[in-house]
file start.cif (mmCIF, C-alpha atoms)
data_model
loop_
_atom_site.label_atom_id
_atom_site.label_comp_id
_atom_site.auth_asym_id
_atom_site.auth_seq_id
_atom_site.Cartn_x
_atom_site.Cartn_y
_atom_site.Cartn_z
CA MET A 1 -74.38 7.73 138.56
CA LEU A 2 -75.47 9.72 135.49
CA TRP A 3 -71.92 10.76 134.61
CA THR A 4 -70.57 7.25 135.25
CA PHE A 5 -73.20 5.74 132.98
CA TYR A 6 -72.67 8.36 130.30
CA SER A 7 -68.87 8.18 130.35
CA GLU A 8 -68.90 4.40 130.08
CA ASP A 9 -71.03 4.50 126.92
CA LYS A 10 -68.49 3.98 124.13
CA ASN A 11 -70.91 4.44 121.26
CA PHE A 12 -70.32 7.84 119.73
CA LEU A 13 -73.76 7.95 118.10
CA ASN A 14 -75.41 7.38 121.47
CA LYS A 15 -73.53 10.34 122.91
CA LEU A 16 -74.63 12.46 119.97
CA LEU A 17 -78.24 11.36 120.46
CA PHE A 18 -78.00 12.41 124.09
CA LEU A 19 -76.62 15.80 123.06
CA SER A 20 -79.18 16.28 120.29
CA LEU A 21 -82.18 15.72 122.56
CA LEU A 22 -80.59 17.73 125.37
CA ILE A 23 -80.26 20.91 123.31
CA LEU A 24 -83.29 20.35 121.06
CA PRO A 25 -85.76 22.51 123.06
CA PHE A 26 -83.38 25.48 123.13
CA GLN A 27 -81.42 25.34 119.86
CA THR A 28 -83.68 23.35 117.55
CA PHE A 29 -81.62 23.82 114.40
CA LEU A 30 -78.42 22.44 115.95
CA GLY A 31 -80.32 19.60 117.62
CA ILE A 32 -81.86 18.62 114.28
CA LEU A 33 -78.51 18.92 112.52
CA ILE A 34 -76.95 16.45 114.98
CA LEU A 35 -79.92 14.11 114.61
CA VAL A 36 -79.60 14.20 110.81
CA TYR A 37 -75.94 13.23 111.14
CA ILE A 38 -76.88 10.36 113.48
CA SER A 39 -79.51 9.13 111.03
CA TYR A 40 -77.08 9.39 108.13
CA GLN A 41 -74.43 7.36 109.95
CA ALA A 42 -77.01 4.81 111.08
CA SER A 43 -78.21 4.47 107.49
CA LEU A 44 -74.69 3.85 106.23
CA LYS A 45 -73.94 1.36 108.96
CA ASN A 46 -77.22 -0.56 108.77
CA TRP A 47 -78.39 -0.03 105.19
CA SER A 48 -79.11 -3.69 104.52
CA GLN A 49 -81.21 -3.93 107.67
CA ILE A 50 -83.19 -0.84 106.71
CA LYS A 51 -83.61 -1.97 103.11
CA ASN A 52 -84.91 -5.43 104.03
CA SER A 53 -87.33 -4.29 106.72
CA SER A 54 -91.04 -4.66 106.08
CA LEU A 55 -91.55 -1.37 107.92
CA THR A 56 -89.37 0.35 105.32
CA LEU A 57 -91.63 -0.94 102.55
CA GLY A 58 -94.63 0.28 104.50
CA PHE A 59 -93.22 3.79 104.89
CA ILE A 60 -92.19 3.91 101.23
CA PHE A 61 -95.78 3.10 100.31
CA LEU A 62 -97.01 5.74 102.75
CA SER A 63 -94.62 8.29 101.21
CA LEU A 64 -95.96 7.53 97.75
CA LEU A 65 -99.50 8.06 98.97
CA LEU A 66 -98.52 11.44 100.42
CA ILE A 67 -96.86 12.40 97.13
CA VAL A 68 -99.92 11.39 95.08
CA SER A 69 -102.17 13.32 97.48
CA SER A 70 -99.92 16.37 97.05
CA ILE A 71 -100.06 16.15 93.26
CA PHE A 72 -103.86 16.26 93.26
CA ALA A 73 -104.19 18.69 96.18
CA TYR A 74 -106.52 21.68 96.16
CA LYS A 75 -103.47 23.91 96.67
CA SER A 76 -100.55 21.76 95.56
CA GLY A 77 -97.89 24.20 96.72
CA GLU A 78 -99.16 24.05 100.28
CA ALA A 79 -99.21 20.26 100.15
CA TRP A 80 -95.58 20.02 99.04
CA LEU A 81 -94.60 22.24 101.97
CA GLY A 82 -96.59 20.01 104.30
CA ILE A 83 -94.83 16.85 103.17
CA VAL A 84 -91.67 18.11 104.92
CA HIS A 85 -93.33 17.27 108.24
CA PHE A 86 -93.42 13.59 107.27
CA LEU A 87 -90.83 12.16 104.85
CA PRO A 88 -87.64 13.23 106.70
CA PHE A 89 -89.06 11.90 109.96
CA PHE A 90 -89.86 8.53 108.41
CA TRP A 91 -86.15 8.30 107.58
CA VAL A 92 -85.15 9.32 111.11
CA PHE A 93 -87.42 6.63 112.55
CA LEU A 94 -86.17 3.89 110.22
CA SER A 95 -82.56 4.82 110.95
CA LEU A 96 -82.81 5.21 114.71
CA ARG A 97 -84.56 1.88 115.20
CA THR A 98 -81.42 0.17 113.88
CA ILE A 99 -79.14 1.68 116.53
CA VAL A 100 -81.36 1.91 119.62
CA LYS A 101 -81.08 -1.73 120.68
CA THR A 102 -80.18 -1.76 124.38
CA TYR A 103 -81.95 -0.74 127.56
CA GLU A 104 -79.05 1.56 128.43
CA GLN A 105 -79.89 3.60 125.34
CA LEU A 106 -83.42 4.03 126.66
CA TYR A 107 -81.93 5.55 129.81
CA THR A 108 -79.72 7.83 127.70
CA ILE A 109 -82.79 9.31 126.03
CA VAL A 110 -84.65 9.69 129.33
CA TRP A 111 -81.75 11.48 131.04
CA SER A 112 -81.39 13.92 128.16
CA LEU A 113 -85.05 14.86 128.54
CA ILE A 114 -84.80 15.09 132.33
CA LEU A 115 -81.91 17.54 132.22
CA SER A 116 -83.41 19.69 129.48
CA SER A 117 -86.85 19.74 131.15
CA ILE A 118 -85.37 21.29 134.30
CA ILE A 119 -84.14 24.27 132.30
CA VAL A 120 -87.41 24.45 130.33
CA VAL A 121 -89.48 24.64 133.53
CA LEU A 122 -87.16 27.17 135.18
CA ILE A 123 -87.65 29.39 132.13
CA ALA A 124 -91.43 28.89 132.43
CA ILE A 125 -91.32 29.88 136.10
CA GLY A 126 -89.35 33.00 135.25
CA GLU A 127 -91.79 33.80 132.47
CA ILE A 128 -94.94 33.56 134.62
CA ASN A 129 -93.81 34.34 138.16
CA PHE A 130 -91.11 36.92 137.41
CA HIS A 131 -92.34 38.19 134.02
CA TRP A 132 -89.10 37.52 132.17
CA VAL A 133 -88.88 39.08 128.72
CA THR A 134 -86.13 38.08 126.29
CA ILE A 135 -84.22 40.45 124.08
CA ASP A 136 -84.44 40.21 120.30
CA ILE A 137 -81.07 38.47 119.95
CA ILE A 138 -82.48 35.40 121.77
CA TYR A 139 -85.15 34.95 119.12
CA LYS A 140 -82.66 35.46 116.31
CA LEU A 141 -80.18 32.95 117.74
CA PHE A 142 -82.50 30.33 119.24
CA GLY A 143 -85.91 30.82 117.62
CA TRP A 144 -87.94 31.40 120.81
CA GLN A 145 -88.79 34.34 123.02
CA LEU A 146 -90.47 35.18 126.32
CA THR A 147 -93.24 37.75 126.49
CA GLY A 148 -93.34 38.15 130.26
CA GLU A 149 -96.85 36.73 130.54
CA GLY A 150 -96.86 33.51 128.52
CA ILE A 151 -98.66 32.56 125.33
CA PRO A 152 -101.61 32.84 125.66
CA PRO A 153 -101.38 35.41 128.46
CA GLY A 154 -101.39 33.84 131.92
CA ARG A 155 -100.26 30.41 130.71
CA ALA A 156 -96.61 29.34 130.57
CA SER A 157 -95.15 28.55 127.16
CA SER A 158 -91.41 28.79 127.97
CA VAL A 159 -89.33 27.95 124.86
CA PHE A 160 -92.41 26.76 122.97
CA PRO A 161 -94.69 28.99 120.86
CA TYR A 162 -97.79 28.15 122.92
CA ALA A 163 -98.74 26.62 126.27
CA ASN A 164 -100.14 23.35 124.88
CA PRO A 165 -96.93 22.10 123.21
CA LEU A 166 -95.06 22.82 126.44
CA ALA A 167 -97.67 20.79 128.32
CA LEU A 168 -97.14 17.78 126.05
CA TYR A 169 -93.36 18.04 126.40
CA LEU A 170 -93.62 18.12 130.19
CA ALA A 171 -96.15 15.27 130.22
CA ILE A 172 -93.67 13.12 128.27
CA THR A 173 -90.82 13.93 130.66
CA ILE A 174 -93.03 13.26 133.69
CA ILE A 175 -94.02 9.85 132.30
CA LEU A 176 -90.46 8.79 131.44
CA SER A 177 -89.06 10.17 134.71
CA THR A 178 -91.73 8.28 136.65
CA GLY A 179 -90.79 5.05 134.89
CA LEU A 180 -87.12 5.59 135.74
CA LEU A 181 -87.97 6.41 139.37
CA ILE A 182 -90.02 3.23 139.74
CA LYS A 183 -87.19 1.22 138.20
CA ASN A 184 -84.54 2.69 140.51
CA SER A 185 -86.77 2.33 143.57
CA GLN A 186 -86.90 -1.44 143.17
CA LYS A 187 -83.49 -1.62 144.88
CA TYR A 188 -82.95 1.74 146.58
CA TRP A 189 -85.57 4.27 147.55
CA LEU A 190 -83.69 7.32 148.79
CA ASN A 191 -80.42 8.00 147.01
CA LYS A 192 -79.03 10.90 145.00
CA VAL A 193 -80.45 9.71 141.68
CA ASN A 194 -83.96 9.14 143.05
CA LEU A 195 -83.94 12.49 144.83
CA CYS A 196 -82.99 14.08 141.50
CA LEU A 197 -85.86 12.26 139.79
CA ILE A 198 -88.36 13.25 142.50
CA PHE A 199 -87.23 16.87 142.22
CA THR A 200 -87.54 16.75 138.41
CA ILE A 201 -91.01 15.22 138.50
CA ALA A 202 -92.23 17.76 141.08
CA LEU A 203 -90.73 20.63 139.07
CA ASN A 204 -92.28 19.34 135.84
CA VAL A 205 -95.67 18.94 137.51
CA TYR A 206 -95.48 22.55 138.66
CA GLY A 207 -94.53 23.60 135.15
CA LEU A 208 -97.47 21.61 133.80
CA ILE A 209 -99.78 23.43 136.21
CA LEU A 210 -98.45 26.75 134.91
CA THR A 211 -99.39 25.78 131.34
CA GLY A 212 -103.07 25.61 132.29
CA SER A 213 -103.43 22.76 129.78
CA ARG A 214 -106.34 20.47 130.54
CA ASN A 215 -105.12 18.10 127.84
CA GLY A 216 -101.73 17.84 129.54
CA TRP A 217 -103.27 17.27 132.97
CA ILE A 218 -105.53 14.52 131.66
CA ILE A 219 -102.59 12.81 129.94
CA VAL A 220 -100.58 12.67 133.18
CA PHE A 221 -103.65 11.48 135.12
CA LEU A 222 -104.23 8.63 132.65
CA SER A 223 -100.53 7.73 132.65
CA LEU A 224 -100.61 7.35 136.44
CA ILE A 225 -103.54 4.98 136.03
CA ALA A 226 -101.53 3.00 133.45
CA PHE A 227 -98.55 2.70 135.82
CA ALA A 228 -100.79 1.69 138.72
CA ILE A 229 -102.49 -1.04 136.64
CA TYR A 230 -99.19 -2.32 135.26
CA ARG A 231 -97.60 -2.52 138.70
CA HIS A 232 -100.77 -3.89 140.34
CA TRP A 233 -100.87 -0.98 142.75
CA TYR A 234 -104.59 -1.26 143.37
CA PHE A 235 -104.64 1.05 146.39
CA LEU A 236 -102.96 3.78 144.34
CA LEU A 237 -105.34 3.06 141.46
CA SER A 238 -108.31 3.49 143.80
CA LEU A 239 -106.83 6.73 145.16
CA ILE A 240 -106.22 8.12 141.66
CA THR A 241 -109.71 7.15 140.52
CA PHE A 242 -111.29 8.72 143.61
CA SER A 243 -109.30 11.91 143.04
CA GLY A 244 -110.50 12.03 139.42
CA ILE A 245 -114.11 11.66 140.53
CA ILE A 246 -113.77 14.45 143.09
CA VAL A 247 -112.13 16.84 140.62
CA SER A 248 -114.83 16.08 138.04
CA TRP A 249 -117.52 16.59 140.69
CA ALA A 250 -116.11 20.00 141.54
CA SER A 251 -115.68 21.00 137.90
CA PHE A 252 -118.65 19.95 135.80
CA GLY A 253 -122.39 20.45 135.85
CA ASN A 254 -124.39 21.65 138.80
CA LEU A 255 -124.16 18.73 141.21
CA PRO A 256 -125.09 18.39 144.89
CA LEU A 257 -122.26 19.21 147.31
CA GLN A 258 -120.30 20.81 144.47
CA ASN A 259 -119.47 23.90 146.55
CA PHE A 260 -118.14 21.64 149.29
CA TRP A 261 -115.75 19.86 146.93
CA ARG A 262 -114.67 23.17 145.41
CA LYS A 263 -113.34 24.15 148.83
CA ILE A 264 -111.15 21.03 148.83
CA VAL A 265 -110.07 20.76 145.20
CA PRO A 266 -107.43 23.41 144.26
CA ASN A 267 -108.99 26.35 142.46
CA PHE A 268 -106.69 26.09 139.45
CA LEU A 269 -108.09 22.60 138.74
CA TRP A 270 -111.84 23.01 138.93
CA GLN A 271 -111.81 26.55 137.53
CA ARG A 272 -109.78 25.45 134.50
CA PHE A 273 -111.84 22.33 133.83
CA SER A 274 -115.08 24.27 134.23
CA ASP A 275 -113.74 27.00 131.90
CA GLN A 276 -114.06 29.67 134.59
CA MET A 277 -110.35 30.52 134.85
CA TYR A 278 -109.94 32.39 131.58
CA VAL A 279 -113.22 34.19 130.97
CA SER A 280 -113.31 35.82 127.56
CA GLY A 281 -117.01 35.91 126.81
CA ASP A 282 -118.73 33.78 124.21
CA ARG A 283 -116.20 32.33 121.79
CA PRO A 284 -116.94 32.74 118.08
CA LEU A 285 -118.48 29.61 116.56
CA GLU A 286 -115.63 29.37 114.06
CA THR A 287 -113.02 28.94 116.81
CA LEU A 288 -114.74 26.02 118.54
CA ARG A 289 -113.16 22.59 118.20
CA THR A 290 -116.51 21.02 117.34
CA THR A 291 -116.90 23.40 114.40
CA GLN A 292 -113.41 22.54 113.14
CA TRP A 293 -114.03 18.81 113.52
CA ASN A 294 -117.36 18.94 111.68
CA PHE A 295 -115.66 20.87 108.88
CA CYS A 296 -113.03 18.11 108.62
CA ILE A 297 -115.73 15.45 108.48
CA ASP A 298 -117.39 17.33 105.61
CA LEU A 299 -114.06 17.47 103.76
CA ILE A 300 -113.54 13.73 104.26
CA GLU A 301 -117.00 12.97 102.90
CA GLN A 302 -116.26 15.01 99.77
CA HIS A 303 -112.76 13.58 99.08
CA PRO A 304 -112.40 10.35 101.09
CA LEU A 305 -109.62 8.72 99.05
CA LEU A 306 -106.86 11.29 98.44
CA GLY A 307 -108.07 14.18 100.57
CA TRP A 308 -107.55 17.85 99.80
CA GLY A 309 -103.78 17.97 100.31
CA LEU A 310 -101.52 18.61 103.29
CA ARG A 311 -101.85 22.08 104.87
CA ASN A 312 -105.01 22.67 102.86
CA PHE A 313 -107.31 22.63 105.87
CA THR A 314 -106.08 26.12 106.74
CA VAL A 315 -106.75 27.41 103.22
CA LEU A 316 -110.20 25.84 102.98
CA TYR A 317 -111.25 26.88 106.48
CA GLU A 318 -110.24 30.48 105.88
CA GLU A 319 -112.14 30.55 102.58
CA LYS A 320 -115.26 29.11 104.23
CA MET A 321 -115.21 30.72 107.67
CA GLY A 322 -113.19 33.87 107.08
CA ILE A 323 -110.80 33.08 109.92
CA TYR A 324 -107.25 31.72 109.92
CA LEU A 325 -106.60 28.47 111.82
CA GLY A 326 -103.34 26.57 111.58
CA HIS A 327 -104.94 23.17 112.26
CA PRO A 328 -108.27 21.66 113.38
CA HIS A 329 -107.14 20.49 116.86
CA ASN A 330 -107.38 16.82 115.94
CA PHE A 331 -104.52 15.18 114.05
CA PHE A 332 -106.53 12.19 112.87
CA LEU A 333 -109.39 14.23 111.41
CA MET A 334 -106.86 16.60 109.87
CA MET A 335 -105.02 13.74 108.17
CA GLY A 336 -108.26 12.19 106.98
CA ALA A 337 -109.35 15.48 105.46
CA GLU A 338 -105.98 16.43 103.96
CA THR A 339 -104.59 13.07 102.78
CA GLY A 340 -107.62 10.78 102.63
CA LEU A 341 -108.67 7.73 104.61
CA ILE A 342 -106.31 5.32 102.83
CA THR A 343 -103.21 7.32 103.79
CA LEU A 344 -104.50 7.80 107.32
CA GLY A 345 -105.17 4.08 107.61
CA VAL A 346 -101.68 3.14 106.39
CA LEU A 347 -100.01 5.60 108.79
CA LEU A 348 -102.03 4.36 111.77
CA GLY A 349 -101.47 0.76 110.70
CA LEU A 350 -97.69 1.15 110.67
CA ILE A 351 -97.68 2.83 114.06
CA ALA A 352 -100.05 0.16 115.41
CA ILE A 353 -97.66 -2.59 114.26
CA VAL A 354 -94.78 -1.03 116.19
CA LEU A 355 -96.86 -0.50 119.34
CA ALA A 356 -98.41 -3.98 119.11
CA LYS A 357 -94.97 -5.59 119.01
CA GLY A 358 -93.95 -3.55 122.04
CA LEU A 359 -97.07 -4.49 123.98
CA LEU A 360 -96.62 -8.13 123.01
CA ILE A 361 -93.14 -8.45 124.45
CA ILE A 362 -94.40 -6.75 127.62
CA LYS A 363 -97.33 -9.18 127.83
CA GLU A 364 -95.15 -12.22 127.18
CA GLU A 365 -92.59 -10.96 129.71
CA LYS A 366 -89.70 -11.17 127.25
CA ILE A 367 -88.04 -8.07 128.67
CA GLU A 368 -85.61 -8.42 131.54
CA GLN A 369 -87.39 -7.83 134.83
CA ASN A 370 -85.07 -4.98 135.77
CA HIS A 371 -85.87 -3.00 132.62
CA ASN A 372 -89.52 -3.75 131.88
CA ILE A 373 -90.89 -0.63 133.58
CA ILE A 374 -88.73 1.77 131.56
CA PHE A 375 -89.80 0.15 128.29
CA PHE A 376 -93.42 0.30 129.47
CA SER A 377 -92.99 4.02 130.17
CA TYR A 378 -91.99 4.53 126.51
CA LEU A 379 -95.24 2.88 125.43
CA VAL A 380 -97.18 5.12 127.82
CA ALA A 381 -95.31 8.17 126.53
CA PHE A 382 -96.28 7.44 122.95
CA GLY A 383 -99.83 6.81 124.14
CA ALA A 384 -99.68 10.35 125.52
CA TYR A 385 -98.99 11.60 121.99
CA ILE A 386 -102.05 9.77 120.71
CA ILE A 387 -104.31 11.26 123.39
CA TYR A 388 -102.89 14.74 122.89
CA ASN A 389 -103.51 14.60 119.15
CA LEU A 390 -107.17 13.80 119.71
CA PHE A 391 -107.60 17.41 120.87
CA ASP A 392 -104.61 19.19 119.34
CA VAL A 393 -101.85 18.66 116.76
CA SER A 394 -98.20 18.16 117.75
CA LEU A 395 -96.99 17.68 114.17
CA PHE A 396 -96.08 21.30 113.49
CA ASP A 397 -93.68 21.70 116.40
CA LEU A 398 -90.43 20.19 115.14
CA ARG A 399 -89.25 19.31 118.64
CA LEU A 400 -92.37 17.39 119.54
CA ASN A 401 -92.49 15.72 116.13
CA ILE A 402 -88.86 14.60 116.44
CA LEU A 403 -89.36 13.33 119.98
CA ALA A 404 -92.38 11.28 118.89
CA TRP A 405 -90.41 9.51 116.16
CA VAL A 406 -87.43 8.99 118.49
CA ILE A 407 -89.69 7.35 121.09
CA LEU A 408 -91.38 5.21 118.44
CA GLY A 409 -87.98 4.29 116.98
CA ALA A 410 -86.74 3.24 120.43
CA ILE A 411 -89.82 1.06 120.95
CA SER A 412 -89.34 -0.57 117.55
CA GLY A 413 -85.58 -1.08 117.98
CA ILE A 414 -85.88 -2.69 121.41
CA SER A 415 -88.83 -4.87 120.33
CA GLU A 416 -86.96 -6.18 117.31
CA ASN A 417 -83.80 -6.84 119.32
CA VAL A 418 -85.71 -8.69 122.05
CA ASN A 419 -87.49 -10.87 119.49
CA GLN A 420 -84.24 -11.64 117.67
CA ASN A 421 -82.55 -12.64 120.94
CA GLU A 422 -85.54 -14.82 121.79
CA GLN A 423 -85.30 -16.60 118.43
CA ILE A 424 -81.56 -17.17 118.93
CA ARG A 425 -82.22 -18.57 122.40
CA ILE A 426 -84.83 -20.97 121.03
CA VAL A 427 -82.52 -22.13 118.23
CA ASN A 428 -79.64 -22.67 120.67
CA LYS A 429 -81.83 -24.91 122.80
#
call {"tool": "encode", "arguments": {"input": "start.cif", "output": "structure tokens"}}
result
Amino acid sequence: MLWTFYSEDKNFLNKLLFLSLLILPFQTFLGILILVYISYQASLKNWSQIKNSSLTLGFIFLSLLLIVSSIFAYKSGEAWLGIVHFLPFFWVFLSLRTIVKTYEQLYTIVWSLILSSIIVVLIAIGEINFHWVTIDIIYKLFGWQLTGEGIPPGRASSVFPYANPLALYLAITIILSTGLLIKNSQKYWLNKVNLCLIFTIALNVYGLILTGSRNGWIIVFLSLIAFAIYRHWYFLLSLITFSGIIVSWASFGNLPLQNFWRKIVPNFLWQRFSDQMYVSGDRPLETLRTTQWNFCIDLIEQHPLLGWGLRNFTVLYEEKMGIYLGHPHNFFLMMGAETGLITLGVLLGLIAIVLAKGLLIIKEEKIEQNHNIIFFSYLVAFGAYIIYNLFDVSLFDLRLNILAWVILGAISGISENVNQNEQIRIVNK
């Protein structure tokens, strides 16, 4: 089915998008190069559409705010380096939303992630269970390496530089694969495609367990709740909620019957949530998330309008605390501190507009019944990014950053196409 679908897709750019996302986790440079070509061709083909879009005006304004913030930054050089994580991706988003217009293209993106995630997890299994170590040429050619014990030790990181980015990547693939499985199961339950999806989801869940990422586990748990509510699966919703209560009971505080529930709940769950799995003594105050967040709040209070400049949190934190930290484990506080509240508000406002349009066409049932669940899974997947960035920052991993803008571009492209078709239908009446 996958090959039939793929071979029948006559759009060359769609095939390139499939290839780009397929190889992105392993050969990031080549994946980005292909994506740049796709965006360039999309811009040439749909320049008038991009130019006349209100979203384009919004992102131009946002870009100007980032430039002004960089000019007046505490360390301007750092800020100009940081702007690279934003402006090119705005262009990718604005370009992709003009070519991702059909539901079949949504499936193209999902299948590329499914196939690549299988390899990513197999590498993670080899890394943790078989202590694989890569030779130097792998790092030179592909930009990633295996240490034989994960990063940090004991937690799978696979092709990513740390366990948490891998957890987010797997959470996204689990969400999108689940949406595709639900869609396919509406007609047929057990066939080759569904068995492939079940295998992929199970493998990705195992990989997610190996990451030891509480953030990733919570994201998948909340996504299951979202699917259960959307599909009106109240029994499953009750089961998921009960499971969450039991895991929390076994993990936190000193509650009655806690030892009983700890015999039922898998050790890796309650020990990780209770912070008993990786015992390293008392953590220095400077490394705690709460310390980083309070520092960001102080920076916002001092420079609320333009901030201190992109990438300047690291400089300021090291000067104050004497310790190097790449980011404050909260994207929204980081952006508020580094670019100011106005820029943060504009960025969130633009993203909110795209998501609101997507939610609206779901609510008004404008999407074809056979495809609504896959579009909904894209909304849930981007919601996973939002939750993740409350406790970490995905911006600095190019692969995760690209995937976020691709997902948002797909949501925007489908929403606009659905609304345009609805207007044409009304006019024709």
call {"tool": "residues_around", "arguments": {"input": "start.cif", "residues": "region 36-42 of chain A", "least_positions_apart": "4", "cutoff": "12 Å", "atoms": "all atoms listed in the file", "output": "PyMOL selection string"}}
result
chain A and resi 11-21+29-32+46-50+88-100+402+406+409
call {"tool": "residues_near_point", "arguments": {"input": "start.cif", "point": "(-81.2, 19.8, 126.2)", "cutoff": "6 Å", "atoms": "only C-alpha atoms", "output": "list in words"}}
result
Leu21, Leu22, Ile23, Leu24 and Ser116 of chain A
call {"tool": "axis_aligned_box", "arguments": {"input": "start.cif", "around": "region 247-253 of chain A", "padding_each_side": "3 Å", "output": "lines of an AutoDock Vina configuration file"}}
result
center_x = -117.3
center_y = 18.5
center_z = 138.7
size_x = 16.3
size_y = 10.9
size_z = 11.7
call {"tool": "resolve_selection", "arguments": {"input": "start.cif", "expression": "the PyMOL selection byres ((chain A and resi 62) around 10)", "output": "MDAnalysis selection string"}}
result
chainID A and resid 56:61 63:68 86:87 90 342:347 350
call {"tool": "atom_distance", "arguments": {"input": "start.cif", "atom1": "CA of Ile407 (chain A)", "atom2": "CA of Leu203 (chain A)"}}
result
22.4 Å
call {"tool": "closest_atom_pairs", "arguments": {"input": "start.cif", "of": "region 193-281 of chain A", "to": "region 172-177 of chain A", "cutoff": "9 Å", "atoms": "only C-alpha atoms", "output": "tab-separated table"}}
result
residue	atom	partner	partner_atom	distance
A:Leu197	CA	A:Ser177	CA	6.4
A:Ile198	CA	A:Ser177	CA	8.4
A:Thr200	CA	A:Ser177	CA	7.7
A:Ile201	CA	A:Ile174	CA	5.6
A:Ala202	CA	A:Ile174	CA	8.7
A:Asn204	CA	A:Ile174	CA	6.5
A:Val205	CA	A:Ile174	CA	7.3
A:Val220	CA	A:Ile175	CA	7.2
A:Ser223	CA	A:Ile175	CA	6.9
A:Leu224	CA	A:Ile175	CA	8.2
call {"tool": "atom_distance", "arguments": {"input": "start.cif", "atom1": "CA of Phe391 (chain A)", "atom2": "CA of Cys296 (chain A)"}}
result
13.4 Å
call {"tool": "resolve_selection", "arguments": {"input": "start.cif", "expression": "the PyMOL selection byres ((chain A and resi 329) around 10)", "output": "list in words"}}
result
Leu288, Arg289, Thr290, Gln292, Trp293, Leu325, Gly326, His327, Pro328, Asn330, Phe331, Phe332, Leu333, Met334, Tyr388, Asn389, Leu390, Phe391, Asp392, Val393 and Ser394 of chain A
call {"tool": "resolve_selection", "arguments": {"input": "start.cif", "expression": "the PyMOL selection byres ((chain A and resi 213) around 12)", "output": "ChimeraX atom specification"}}
result
/A:151-152,154-157,162-171,205-212,214-220,268-269,272-273,275,277-278,388,391-392
call {"tool": "residues_around", "arguments": {"input": "start.cif", "residues": "region 140-142 of chain A", "least_positions_apart": "5", "cutoff": "9 Å", "atoms": "all atoms listed in the file", "output": "PyMOL selection string"}}
result
chain A and resi 26-29
call {"tool": "atom_distance", "arguments": {"input": "start.cif", "atom1": "CA of Gln302 (chain A)", "atom2": "CA of Ala73 (chain A)"}}
result
13.1 Å
call {"tool": "residues_around", "arguments": {"input": "start.cif", "residues": "region 125-137 of chain A", "least_positions_apart": "5", "cutoff": "6 Å", "atoms": "only C-alpha atoms", "output": "short mmCIF file (atom, residue, chain, number, x, y, z; two decimals) with C-alpha atoms, keeping the file's coordinate frame"}}
result
data_model
loop_
_atom_site.label_atom_id
_atom_site.label_comp_id
_atom_site.auth_asym_id
_atom_site.auth_seq_id
_atom_site.Cartn_x
_atom_site.Cartn_y
_atom_site.Cartn_z
CA GLN A 145 -88.79 34.34 123.02
CA LEU A 146 -90.47 35.18 126.32
CA THR A 147 -93.24 37.75 126.49
CA GLY A 148 -93.34 38.15 130.26
CA GLU A 149 -96.85 36.73 130.54
#
call {"tool": "closest_residue", "arguments": {"input": "start.cif", "among": "A:Phe160, A:Asn312, A:Leu44, A:Phe72", "to": "Arg399 (chain A)", "atoms": "all atoms listed in the file"}}
result
A:Phe160
call {"tool": "closest_residue", "arguments": {"input": "start.cif", "among": "A:Phe396, A:Tyr385, A:Tyr378, A:Tyr317", "to": "Ile109 (chain A)", "atoms": "all atoms listed in the file"}}
result
A:Tyr378
call {"tool": "closest_residue", "arguments": {"input": "start.cif", "among": "A:Ala356, A:Leu236, A:Ser251, A:Ala226", "to": "Ala384 (chain A)", "atoms": "only C-alpha atoms"}}
result
A:Ala226
call {"tool": "closest_residue", "arguments": {"input": "start.cif", "among": "A:Gly307, A:Ile386, A:Val247, A:Ile229", "to": "Asn259 (chain A)", "atoms": "all atoms listed in the file"}}
result
A:Val247
call {"tool": "decode", "arguments": {"input": "start.cif", "residues": "region 53-59 of chain A", "atoms": "N, CA, C and O atoms", "output": "short mmCIF file (atom, residue, chain, number, x, y, z; two decimals), in the first residue's frame"}}
result
data_model
loop_
_atom_site.label_atom_id
_atom_site.label_comp_id
_atom_site.auth_asym_id
_atom_site.auth_seq_id
_atom_site.Cartn_x
_atom_site.Cartn_y
_atom_site.Cartn_z
N SER A 53 -0.28 36.93 1.50
CA SER A 53 -0.79 36.30 2.71
C SER A 53 -0.60 37.20 3.92
O SER A 53 0.45 37.82 4.10
N SER A 54 -1.60 37.27 4.76
CA SER A 54 -1.49 38.05 5.99
C SER A 54 -0.48 37.42 6.94
O SER A 54 0.18 38.13 7.71
N LEU A 55 -0.31 36.09 6.86
CA LEU A 55 0.70 35.44 7.69
C LEU A 55 2.10 35.90 7.30
O LEU A 55 2.97 36.06 8.16
N THR A 56 2.32 36.11 6.00
CA THR A 56 3.63 36.60 5.55
C THR A 56 3.93 37.96 6.16
O THR A 56 5.05 38.21 6.64
N LEU A 57 2.95 38.85 6.17
CA LEU A 57 3.14 40.16 6.79
C LEU A 57 3.46 40.02 8.27
O LEU A 57 4.31 40.73 8.81
N GLY A 58 2.76 39.09 8.92
CA GLY A 58 3.01 38.86 10.34
C GLY A 58 4.42 38.38 10.60
O GLY A 58 5.08 38.85 11.54
N PHE A 59 4.91 37.46 9.77
CA PHE A 59 6.27 36.94 9.98
C PHE A 59 7.34 37.95 9.57
O PHE A 59 8.45 37.93 10.11
#
